[in-house]
file query_17.txt (compact mmCIF, C-alpha atoms)
# COMPACT_ATOMS: atom_id res chain seq x y z
CA MET A 1 0.00 0.00 0.00
CA THR A 2 1.41 3.39 -0.90
CA ALA A 3 1.95 6.08 1.69
CA THR A 4 -0.24 8.50 -0.26
CA ARG A 5 -3.32 6.31 -0.37
CA ARG A 6 -6.30 7.99 1.28
CA PRO A 7 -8.13 6.22 4.14
CA VAL A 8 -11.45 4.41 4.07
CA ALA A 9 -14.21 5.86 6.24
CA VAL A 10 -17.08 3.84 7.70
CA LEU A 11 -20.17 5.56 9.08
CA GLY A 12 -22.87 3.98 11.20
CA GLU A 13 -23.90 2.45 14.45
CA CYS A 14 -22.27 0.57 17.27
CA VAL A 15 -24.54 -1.99 18.95
CA ALA A 16 -24.07 -3.93 22.16
CA ASP A 17 -24.88 -7.53 21.16
CA ALA A 18 -26.12 -9.33 24.27
CA PHE A 19 -26.19 -13.07 23.67
CA ALA A 20 -28.78 -14.83 25.80
CA ALA A 21 -28.01 -18.13 27.48
CA PRO A 22 -29.77 -20.09 30.26
CA GLY A 23 -28.66 -19.27 33.78
CA ALA A 24 -26.00 -21.54 35.22
CA PRO A 25 -27.43 -24.76 36.71
CA GLY A 26 -27.72 -24.50 40.47
CA ALA A 27 -27.12 -20.76 40.49
CA ASP A 28 -28.35 -19.08 43.68
CA GLU A 29 -30.35 -16.47 41.78
CA GLY A 30 -32.74 -19.11 40.44
CA PRO A 31 -34.02 -19.53 36.88
CA GLY A 32 -33.26 -16.85 34.38
CA LEU A 33 -31.06 -15.81 31.50
CA ARG A 34 -27.41 -14.86 31.41
CA LEU A 35 -26.43 -12.09 28.99
CA ASP A 36 -22.95 -12.16 27.49
CA VAL A 37 -22.37 -8.74 25.93
CA LEU A 38 -20.06 -8.31 22.93
CA PRO A 39 -19.43 -5.14 20.88
CA GLY A 40 -21.14 -5.18 17.49
CA GLY A 41 -23.16 -3.19 14.98
CA GLY A 42 -22.78 -3.76 11.24
CA PRO A 43 -20.78 -0.63 10.34
CA ALA A 44 -18.57 -0.98 13.44
CA ASN A 45 -17.87 -4.61 12.52
CA THR A 46 -16.84 -3.55 9.01
CA ALA A 47 -14.52 -0.85 10.35
CA VAL A 48 -12.87 -3.29 12.76
CA ALA A 49 -12.37 -5.88 10.03
CA LEU A 50 -10.91 -3.31 7.62
CA ALA A 51 -8.40 -2.05 10.17
CA ARG A 52 -7.39 -5.57 11.20
CA LEU A 53 -6.65 -6.35 7.56
CA GLY A 54 -4.36 -3.33 7.33
CA THR A 55 -6.52 -0.67 5.66
CA PRO A 56 -6.23 2.80 7.24
CA THR A 57 -9.74 3.18 8.61
CA HIS A 58 -11.70 6.02 10.22
CA PHE A 59 -14.95 5.15 11.98
CA LEU A 60 -17.70 7.73 12.27
CA ALA A 61 -20.20 7.06 15.04
CA ARG A 62 -21.91 8.93 17.83
CA LEU A 63 -20.36 7.15 20.82
CA SER A 64 -22.23 7.19 24.11
CA GLY A 65 -20.56 7.81 27.45
CA ASP A 66 -22.25 4.77 29.02
CA VAL A 67 -20.61 1.44 29.83
CA PHE A 68 -21.29 0.09 26.34
CA GLY A 69 -19.71 3.17 24.76
CA GLY A 70 -16.53 2.37 26.65
CA LEU A 71 -16.68 -1.19 25.32
CA PHE A 72 -17.01 0.11 21.75
CA ARG A 73 -14.11 2.53 22.11
CA ARG A 74 -11.78 -0.17 23.42
CA ARG A 75 -12.62 -2.60 20.63
CA LEU A 76 -12.19 -0.01 17.90
CA ALA A 77 -8.93 1.36 19.29
CA GLU A 78 -7.44 -2.09 19.92
CA SER A 79 -8.23 -3.02 16.30
CA GLY A 80 -6.43 0.06 14.95
CA VAL A 81 -9.53 2.04 13.95
CA ARG A 82 -9.26 5.84 14.13
CA ILE A 83 -12.15 7.28 16.18
CA ASP A 84 -10.98 10.86 16.62
CA LEU A 85 -13.85 12.19 14.46
CA CYS A 86 -16.53 10.48 16.57
CA PRO A 87 -18.66 12.95 18.55
CA ASP A 88 -19.36 12.19 22.22
CA ALA A 89 -23.08 11.51 22.58
CA ALA A 90 -25.23 12.14 25.64
CA GLU A 91 -27.76 9.48 24.63
CA PRO A 92 -27.42 5.78 25.62
CA SER A 93 -26.00 3.07 23.36
CA THR A 94 -28.16 0.78 21.28
CA LEU A 95 -28.66 -2.72 22.73
CA ALA A 96 -29.59 -5.88 20.84
CA ILE A 97 -30.54 -9.14 22.54
CA ALA A 98 -29.44 -12.00 20.29
CA GLY A 99 -30.45 -15.62 20.38
CA LEU A 100 -28.83 -18.17 18.05
CA GLY A 101 -30.84 -20.58 15.93
CA PRO A 102 -29.73 -24.15 15.17
CA ASP A 103 -27.86 -22.97 12.04
CA GLY A 104 -25.85 -20.38 13.97
CA ALA A 105 -27.86 -17.44 12.62
CA ALA A 106 -28.71 -14.71 15.11
CA GLU A 107 -32.24 -13.56 15.86
CA TYR A 108 -32.36 -10.10 17.43
CA THR A 109 -34.57 -8.03 19.70
CA PHE A 110 -33.54 -4.36 19.68
CA HIS A 111 -33.63 -1.63 22.32
CA ALA A 112 -32.93 1.35 20.08
CA GLU A 113 -35.36 4.19 20.76
CA ALA A 114 -33.74 7.61 21.36
CA THR A 115 -30.26 6.08 21.41
CA ALA A 116 -27.03 7.75 20.34
CA ASP A 117 -26.67 6.25 16.87
CA TRP A 118 -29.45 8.05 15.00
CA GLN A 119 -29.06 11.66 16.16
CA TRP A 120 -26.56 12.89 13.55
CA THR A 121 -26.52 16.57 12.68
CA ARG A 122 -24.86 18.22 9.69
CA GLN A 123 -22.45 19.98 12.06
CA GLU A 124 -21.31 16.68 13.60
CA LEU A 125 -20.58 15.29 10.13
CA ALA A 126 -18.67 18.38 8.95
CA PRO A 127 -15.20 17.01 9.89
CA VAL A 128 -15.74 14.05 7.57
CA ARG A 129 -15.76 16.37 4.59
CA GLY A 130 -12.19 17.34 5.36
CA LEU A 131 -11.05 13.72 5.64
CA ASP A 132 -11.43 13.20 1.86
CA PRO A 133 -11.59 9.38 2.06
CA ASP A 134 -10.93 7.03 -0.84
CA CYS A 135 -14.22 5.36 0.09
CA LEU A 136 -17.12 6.03 2.42
CA HIS A 137 -18.97 2.90 3.46
CA THR A 138 -22.28 3.18 5.30
CA GLY A 139 -25.73 1.67 5.45
CA SER A 140 -27.74 -0.33 7.92
CA LEU A 141 -29.90 1.85 10.13
CA ALA A 142 -27.92 5.08 9.63
CA LEU A 143 -29.65 5.58 6.28
CA VAL A 144 -33.22 5.08 7.48
CA ARG A 145 -33.47 6.15 11.13
CA ALA A 146 -34.58 9.72 11.78
CA PRO A 147 -33.45 12.32 12.53
CA GLY A 148 -29.92 11.61 11.29
CA ALA A 149 -30.64 9.80 8.02
CA ALA A 150 -31.13 12.98 6.00
CA ALA A 151 -27.76 14.36 7.14
CA VAL A 152 -26.04 11.09 6.20
CA GLU A 153 -27.57 11.12 2.70
CA GLU A 154 -26.44 14.72 2.26
CA LEU A 155 -22.90 13.71 3.21
CA LEU A 156 -22.88 10.92 0.60
CA ALA A 157 -23.87 13.36 -2.12
CA GLU A 158 -21.16 15.84 -1.07
CA LEU A 159 -18.37 13.23 -0.94
CA ARG A 160 -19.36 11.42 -4.11
CA PRO A 161 -17.28 13.48 -6.58
CA THR A 162 -13.99 12.23 -5.10
CA SER A 163 -14.91 9.23 -2.92
CA THR A 164 -16.25 5.80 -3.84
CA ILE A 165 -19.59 5.25 -2.08
CA SER A 166 -20.28 1.77 -0.68
CA LEU A 167 -23.64 0.82 0.84
CA ASP A 168 -25.01 -2.17 2.77
CA PRO A 169 -28.75 -1.85 3.55
CA ASN A 170 -28.57 -4.55 6.28
CA VAL A 171 -32.36 -4.57 6.62
CA ARG A 172 -33.62 -4.76 10.22
CA PRO A 173 -37.40 -5.26 9.91
CA LEU A 174 -37.93 -5.26 13.69
CA LEU A 175 -36.74 -1.64 13.81
CA VAL A 176 -37.68 -0.21 10.42
CA ALA A 177 -40.31 -1.62 8.09
CA PRO A 178 -38.80 -2.97 4.84
CA GLU A 179 -40.96 -0.64 2.76
CA HIS A 180 -38.97 2.31 4.11
CA TYR A 181 -35.73 0.78 2.83
CA ARG A 182 -37.47 -0.12 -0.44
CA ALA A 183 -38.65 3.45 -0.96
CA ARG A 184 -35.18 4.94 -0.45
CA LEU A 185 -33.16 2.26 -2.25
CA PRO A 186 -33.41 3.80 -5.76
CA HIS A 187 -32.03 7.07 -4.37
CA TRP A 188 -29.19 5.23 -2.61
CA CYS A 189 -28.36 3.37 -5.81
CA ALA A 190 -28.09 6.70 -7.63
CA LEU A 191 -25.50 7.78 -5.04
CA ALA A 192 -23.58 4.52 -4.68
CA ASP A 193 -20.83 2.76 -6.60
CA ILE A 194 -21.01 -0.48 -4.61
CA LEU A 195 -24.12 -2.16 -3.17
CA ARG A 196 -23.59 -5.22 -0.98
CA LEU A 197 -26.50 -7.06 0.51
CA SER A 198 -27.41 -10.52 1.74
CA GLU A 199 -30.00 -12.96 0.47
CA ASP A 200 -32.04 -12.13 3.60
CA ASP A 201 -31.92 -8.43 2.65
CA LEU A 202 -33.10 -9.35 -0.84
CA ALA A 203 -36.03 -11.35 0.57
CA HIS A 204 -37.11 -8.33 2.65
CA LEU A 205 -36.65 -5.78 -0.13
CA HIS A 206 -37.94 -7.72 -3.13
CA PRO A 207 -39.70 -10.89 -1.97
CA GLY A 208 -39.96 -13.50 -4.70
CA THR A 209 -37.44 -11.74 -6.95
CA THR A 210 -34.33 -13.57 -8.16
CA PRO A 211 -30.95 -12.03 -7.31
CA GLU A 212 -30.27 -11.54 -11.03
CA ALA A 213 -33.49 -9.62 -11.63
CA ALA A 214 -32.90 -7.51 -8.52
CA CYS A 215 -29.39 -6.66 -9.73
CA ASP A 216 -30.81 -5.42 -13.02
CA THR A 217 -33.25 -3.18 -11.12
CA TRP A 218 -30.46 -1.68 -9.02
CA HIS A 219 -28.19 -1.18 -12.03
CA ARG A 220 -30.96 0.77 -13.76
CA ALA A 221 -31.20 2.96 -10.65
CA GLY A 222 -27.51 3.83 -11.05
CA VAL A 223 -25.22 1.57 -9.00
CA PRO A 224 -22.59 -0.18 -11.18
CA LEU A 225 -21.41 -2.93 -8.79
CA VAL A 226 -23.80 -5.18 -6.87
CA VAL A 227 -22.74 -8.13 -4.74
CA VAL A 228 -25.37 -10.43 -3.22
CA THR A 229 -23.87 -12.73 -0.59
CA LEU A 230 -25.51 -16.15 -0.46
CA GLY A 231 -24.02 -17.70 2.67
CA GLY A 232 -22.35 -21.02 2.01
CA ALA A 233 -23.34 -20.79 -1.66
CA GLY A 234 -20.88 -17.93 -2.24
CA ALA A 235 -21.53 -14.53 -3.76
CA LEU A 236 -23.27 -13.31 -6.90
CA VAL A 237 -21.30 -10.48 -8.50
CA SER A 238 -22.96 -8.18 -11.03
CA TYR A 239 -20.81 -5.43 -12.55
CA ASP A 240 -22.75 -3.34 -15.04
CA GLY A 241 -24.87 -6.44 -15.68
CA VAL A 242 -21.98 -8.87 -16.29
CA ARG A 243 -22.43 -11.57 -13.67
CA SER A 244 -20.56 -14.42 -12.03
CA LEU A 245 -21.19 -16.69 -9.03
CA LEU A 246 -18.09 -17.12 -6.91
CA PRO A 247 -17.94 -19.96 -4.35
CA ALA A 248 -17.37 -19.59 -0.63
CA PRO A 249 -14.82 -21.70 1.25
CA HIS A 250 -16.12 -24.47 3.47
CA VAL A 251 -16.21 -23.62 7.17
CA ASP A 252 -17.54 -25.25 10.33
CA VAL A 253 -19.93 -22.50 11.42
CA VAL A 254 -19.94 -21.40 15.05
CA ASP A 255 -22.26 -18.49 14.26
CA THR A 256 -22.82 -16.07 11.38
CA VAL A 257 -22.76 -12.86 13.43
CA GLY A 258 -20.84 -10.20 11.51
CA ALA A 259 -20.12 -12.42 8.50
CA GLY A 260 -21.62 -10.03 5.95
CA ASP A 261 -19.81 -7.09 7.52
CA ALA A 262 -16.53 -9.02 7.34
CA PHE A 263 -17.18 -9.85 3.68
CA THR A 264 -17.64 -6.17 2.87
CA ALA A 265 -14.41 -5.34 4.68
CA GLY A 266 -12.49 -7.97 2.72
CA LEU A 267 -13.91 -6.69 -0.56
CA LEU A 268 -13.11 -3.04 0.19
CA HIS A 269 -9.66 -3.91 1.56
CA ARG A 270 -8.66 -5.60 -1.69
CA LEU A 271 -10.15 -2.86 -3.88
CA HIS A 272 -8.36 -0.24 -1.79
CA THR A 273 -5.05 -2.13 -2.01
CA ALA A 274 -5.50 -2.39 -5.80
CA GLY A 275 -5.90 1.38 -6.01
CA VAL A 276 -9.31 1.34 -7.71
CA LEU A 277 -11.21 3.29 -5.04
CA GLY A 278 -11.45 7.06 -4.93
CA GLY A 279 -14.09 7.66 -7.56
CA ARG A 280 -16.39 5.81 -9.90
CA LEU A 281 -14.46 2.46 -10.16
CA ASP A 282 -13.27 3.55 -13.63
CA THR A 283 -10.10 1.43 -13.43
CA LEU A 284 -11.71 -1.71 -11.99
CA ASP A 285 -11.19 -4.80 -14.16
CA ARG A 286 -12.91 -8.17 -13.88
CA ARG A 287 -9.92 -10.05 -12.49
CA THR A 288 -9.33 -7.54 -9.70
CA LEU A 289 -13.04 -7.59 -8.84
CA GLU A 290 -13.29 -11.38 -8.64
CA GLU A 291 -10.10 -11.60 -6.56
CA ALA A 292 -11.56 -9.01 -4.16
CA VAL A 293 -14.87 -10.86 -3.84
CA THR A 294 -13.09 -14.18 -3.30
CA PHE A 295 -11.00 -12.60 -0.58
CA GLY A 296 -14.17 -11.23 1.00
CA THR A 297 -15.61 -14.74 1.21
CA ARG A 298 -12.43 -15.89 3.00
CA VAL A 299 -12.71 -13.12 5.59
CA ALA A 300 -16.39 -13.93 6.11
CA ALA A 301 -15.67 -17.65 6.51
CA ALA A 302 -13.01 -16.94 9.13
CA THR A 303 -15.54 -14.82 11.03
CA CYS A 304 -18.13 -17.62 10.94
CA ALA A 305 -15.59 -20.01 12.48
CA VAL A 306 -15.44 -18.06 15.77
CA ARG A 307 -18.03 -16.74 18.20
CA GLY A 308 -19.48 -13.30 17.59
CA ALA A 309 -18.34 -10.56 15.24
CA ASN A 310 -14.62 -11.19 15.68
CA PRO A 311 -13.07 -10.80 12.20
CA PRO A 312 -9.52 -12.04 11.57
CA ARG A 313 -6.35 -10.02 11.46
CA ALA A 314 -4.28 -10.17 8.30
CA GLU A 315 -1.71 -12.56 9.83
CA GLU A 316 -4.45 -15.00 10.87
CA LEU A 317 -5.47 -15.75 7.29
CA SER A 318 -3.75 -18.68 5.63
CA ALA A 319 -2.67 -16.83 2.47
CA PRO A 320 -1.23 -13.35 1.84
CA VAL A 321 -3.69 -10.46 1.84
call {"tool": "encode", "arguments": {"input": "query_17.txt", "output": "C-alpha cells"}}
result
Amino acid sequence: MTATRRPVAVLGECVADAFAAPGAPGADEGPGLRLDVLPGGGPANTAVALARLGTPTHFLARLSGDVFGGLFRRRLAESGVRIDLCPDAAEPSTLAIAGLGPDGAAEYTFHAEATADWQWTRQELAPVRGLDPDCLHTGSLALVRAPGAAAVEELLAELRPTSTISLDPNVRPLLVAPEHYRARLPHWCALADILRLSEDDLAHLHPGTTPEAACDTWHRAGVPLVVVTLGGAGALVSYDGVRSLLPAPHVDVVDTVGAGDAFTAGLLHRLHTAGVLGGRLDTLDRRTLEEAVTFGTRVAAATCAVRGANPPRAEELSAPV
C-alpha cells in the first residue's frame, strides 16, 4: 500500500450484542437468562475488520458515554480504527438481545429508541468532509433512522465526486419496516458505486425476486457494482450487468454474526489495495473484482468459524492479503 493512499471511512452504528443463554445450573439467583455482551453493529464490525486487515480506517459514530460506549471505544482502538472524528453523545447506546438458531444465525430483539446512533446533525458530520476518504462505506440503520438519516444522505452526495460510495442496507425489519428501505433504495443506488447485501436483505426488499433480476433493477437505478452474498453458496457479483457466481470456502460455522460485515471489509480492503477506489471504479477490471470478492468470502468464513463478530487479522489468514 502506498503512503499517499487515502483512508477508508465507515459511518454507522455501534450496537451492544447481548447473547442470551440459560442461567448456570444450580445458580443461587434461580431460573433466568445470562447475557454475554459483545461489541457489534454492522458498520462498526466492518470498520474493525478493515483495520485488522491493514486498511487505514476512520470510523464515524456517535459514541455514548455509558458502559457500552466504553466497550465500543476499546474494541475499535485495539483493532487500529481511528475514532478521533466520533462525537461524544449524551444518549445511551443501542442494545440488541441476540439468540442463536440451530444454524448459527442470530435472531435479534432491539432496544434502540432515542439512542445515540441516529441523532446525527450536519455539524457533527462536517469534519468528515475534510477527511477526503478514498471510500465512504455506510448503510444499515444510519440511512433510514430519523433524525440523522437525511444528514447522512447529504454527506454521501457531497463526498461522491472524489470518494467511492459503498452501501449495505442490512435490513432490520424489527426496527424499520422494509418498505422504508425499499422506498429509499433507488435514491441510494443513484449515489452509490457499490451495493452489498445478503440474500435475507433481498427477501425483505424484493420478496420472490431472483438475485439476477434484482441486480438489473439496481443497475438501472444507477449503481454499477452489486454483490449479493448467499451464505455457504458464495456470492453473486454483477458489474454493469456482467455476472458471475463465486464460491465460498467451506467452514464449520460457530455463528454467522458479523459475516456479511466481514465480507464487505475484505472486498473493500482488496479494492483499496489495488488502487481502484477514490471515484467511480473507472479502473476496476474483472480479475481484480473477482479476486476481491473471493478474498471477501475468506474473511467472512473466518468470522463464521469463531463466536461473535470477531473478524480475523491479516496474519491470521492462511494466504497473503
call {"tool": "closest_residue", "arguments": {"input": "query_17.txt", "among": "A:Ala192, A:Ala265, A:Ala96, A:Ala248", "to": "Phe110 in chain A", "atoms": "all atoms listed in the file"}}
result
A:Ala96
call {"tool": "residues_around", "arguments": {"input": "query_17.txt", "residues": "Ala177 in chain A", "least_positions_apart": "5", "cutoff": "12 Å", "atoms": "all atoms listed in the file", "output": "number ranges by chain"}}
result
A: 141, 144-145, 171-172, 182-184, 204-205
call {"tool": "closest_residue", "arguments": {"input": "query_17.txt", "among": "A:Ala157, A:Ala89, A:Val81, A:Leu53", "to": "Glu316 in chain A", "atoms": "all atoms listed in the file"}}
result
A:Leu53
call {"tool": "atom_distance", "arguments": {"input": "query_17.txt", "atom1": "CA of Thr210 in chain A", "atom2": "CA of Thr297 in chain A"}}
result
21.0 Å
call {"tool": "residues_around", "arguments": {"input": "query_17.txt", "residues": "range 30-40 of chain A", "least_positions_apart": "3", "cutoff": "10 Å", "atoms": "all atoms listed in the file", "output": "MDAnalysis selection string"}}
result
chainID A and resid 13:27 43:46 48 68:76 94:98 257:258 307:310
call {"tool": "residues_around", "arguments": {"input": "query_17.txt", "residues": "range 114-129 of chain A", "least_positions_apart": "6", "cutoff": "9 Å", "atoms": "only C-alpha atoms", "output": "number ranges by chain"}}
result
A: 9, 12-15, 60-64, 85-87, 89-94, 141-142, 144-152, 154-155, 158-159
call {"tool": "closest_residue", "arguments": {"input": "query_17.txt", "among": "A:Gly101, A:Pro247, A:Gly241, A:Gly54", "to": "Glu212 in chain A", "atoms": "all atoms listed in the file"}}
result
A:Gly241
call {"tool": "residues_around", "arguments": {"input": "query_17.txt", "residues": "Asp285 in chain A", "least_positions_apart": "2", "cutoff": "12 Å", "atoms": "all atoms listed in the file", "output": "VMD selection string"}}
result
chain A and resid 225 239 to 240 242 271 274 to 276 281 to 283 287 to 292
call {"tool": "build_atoms", "arguments": {"input": "query_17.txt", "residues": "range 241-252 of chain A", "atoms": "N, CA, C and O atoms", "output": "mmCIF file, keeping the file's coordinate frame"}}
result
data_model
loop_
_atom_site.group_PDB
_atom_site.id
_atom_site.type_symbol
_atom_site.label_atom_id
_atom_site.label_comp_id
_atom_site.auth_asym_id
_atom_site.auth_seq_id
_atom_site.Cartn_x
_atom_site.Cartn_y
_atom_site.Cartn_z
ATOM 1 N N GLY A 241 -24.073 -5.387 -15.076
ATOM 2 C CA GLY A 241 -24.870 -6.440 -15.680
ATOM 3 C C GLY A 241 -24.115 -7.683 -16.081
ATOM 4 O O GLY A 241 -24.729 -8.678 -16.462
ATOM 5 N N VAL A 242 -22.774 -7.674 -16.022
ATOM 6 C CA VAL A 242 -21.980 -8.870 -16.290
ATOM 7 C C VAL A 242 -21.827 -9.624 -14.982
ATOM 8 O O VAL A 242 -21.296 -9.074 -14.009
ATOM 9 N N ARG A 243 -22.285 -10.884 -14.944
ATOM 10 C CA ARG A 243 -22.430 -11.570 -13.670
ATOM 11 C C ARG A 243 -21.565 -12.821 -13.574
ATOM 12 O O ARG A 243 -21.262 -13.469 -14.579
ATOM 13 N N SER A 244 -21.216 -13.154 -12.325
ATOM 14 C CA SER A 244 -20.560 -14.420 -12.030
ATOM 15 C C SER A 244 -20.921 -14.828 -10.608
ATOM 16 O O SER A 244 -21.211 -13.973 -9.757
ATOM 17 N N LEU A 245 -20.932 -16.133 -10.367
ATOM 18 C CA LEU A 245 -21.190 -16.690 -9.030
ATOM 19 C C LEU A 245 -19.887 -17.268 -8.527
ATOM 20 O O LEU A 245 -19.348 -18.220 -9.109
ATOM 21 N N LEU A 246 -19.367 -16.698 -7.453
ATOM 22 C CA LEU A 246 -18.090 -17.120 -6.910
ATOM 23 C C LEU A 246 -18.333 -17.936 -5.647
ATOM 24 O O LEU A 246 -19.113 -17.524 -4.776
ATOM 25 N N PRO A 247 -17.671 -19.084 -5.499
ATOM 26 C CA PRO A 247 -17.940 -19.960 -4.350
ATOM 27 C C PRO A 247 -17.376 -19.411 -3.057
ATOM 28 O O PRO A 247 -16.469 -18.560 -3.053
ATOM 29 N N ALA A 248 -17.898 -19.919 -1.953
ATOM 30 C CA ALA A 248 -17.370 -19.590 -0.630
ATOM 31 C C ALA A 248 -16.599 -20.789 -0.099
ATOM 32 O O ALA A 248 -16.945 -21.937 -0.395
ATOM 33 N N PRO A 249 -15.546 -20.577 0.678
ATOM 34 C CA PRO A 249 -14.820 -21.700 1.250
ATOM 35 C C PRO A 249 -15.656 -22.431 2.290
ATOM 36 O O PRO A 249 -16.525 -21.830 2.948
ATOM 37 N N HIS A 250 -15.405 -23.711 2.443
ATOM 38 C CA HIS A 250 -16.120 -24.470 3.470
ATOM 39 C C HIS A 250 -15.639 -24.048 4.855
ATOM 40 O O HIS A 250 -14.453 -23.786 5.066
ATOM 41 N N VAL A 251 -16.573 -23.965 5.798
ATOM 42 C CA VAL A 251 -16.210 -23.620 7.170
ATOM 43 C C VAL A 251 -17.189 -24.300 8.119
ATOM 44 O O VAL A 251 -18.370 -24.471 7.795
ATOM 45 N N ASP A 252 -16.683 -24.748 9.259
ATOM 46 C CA ASP A 252 -17.540 -25.250 10.330
ATOM 47 C C ASP A 252 -18.070 -24.034 11.089
ATOM 48 O O ASP A 252 -17.326 -23.364 11.825
#
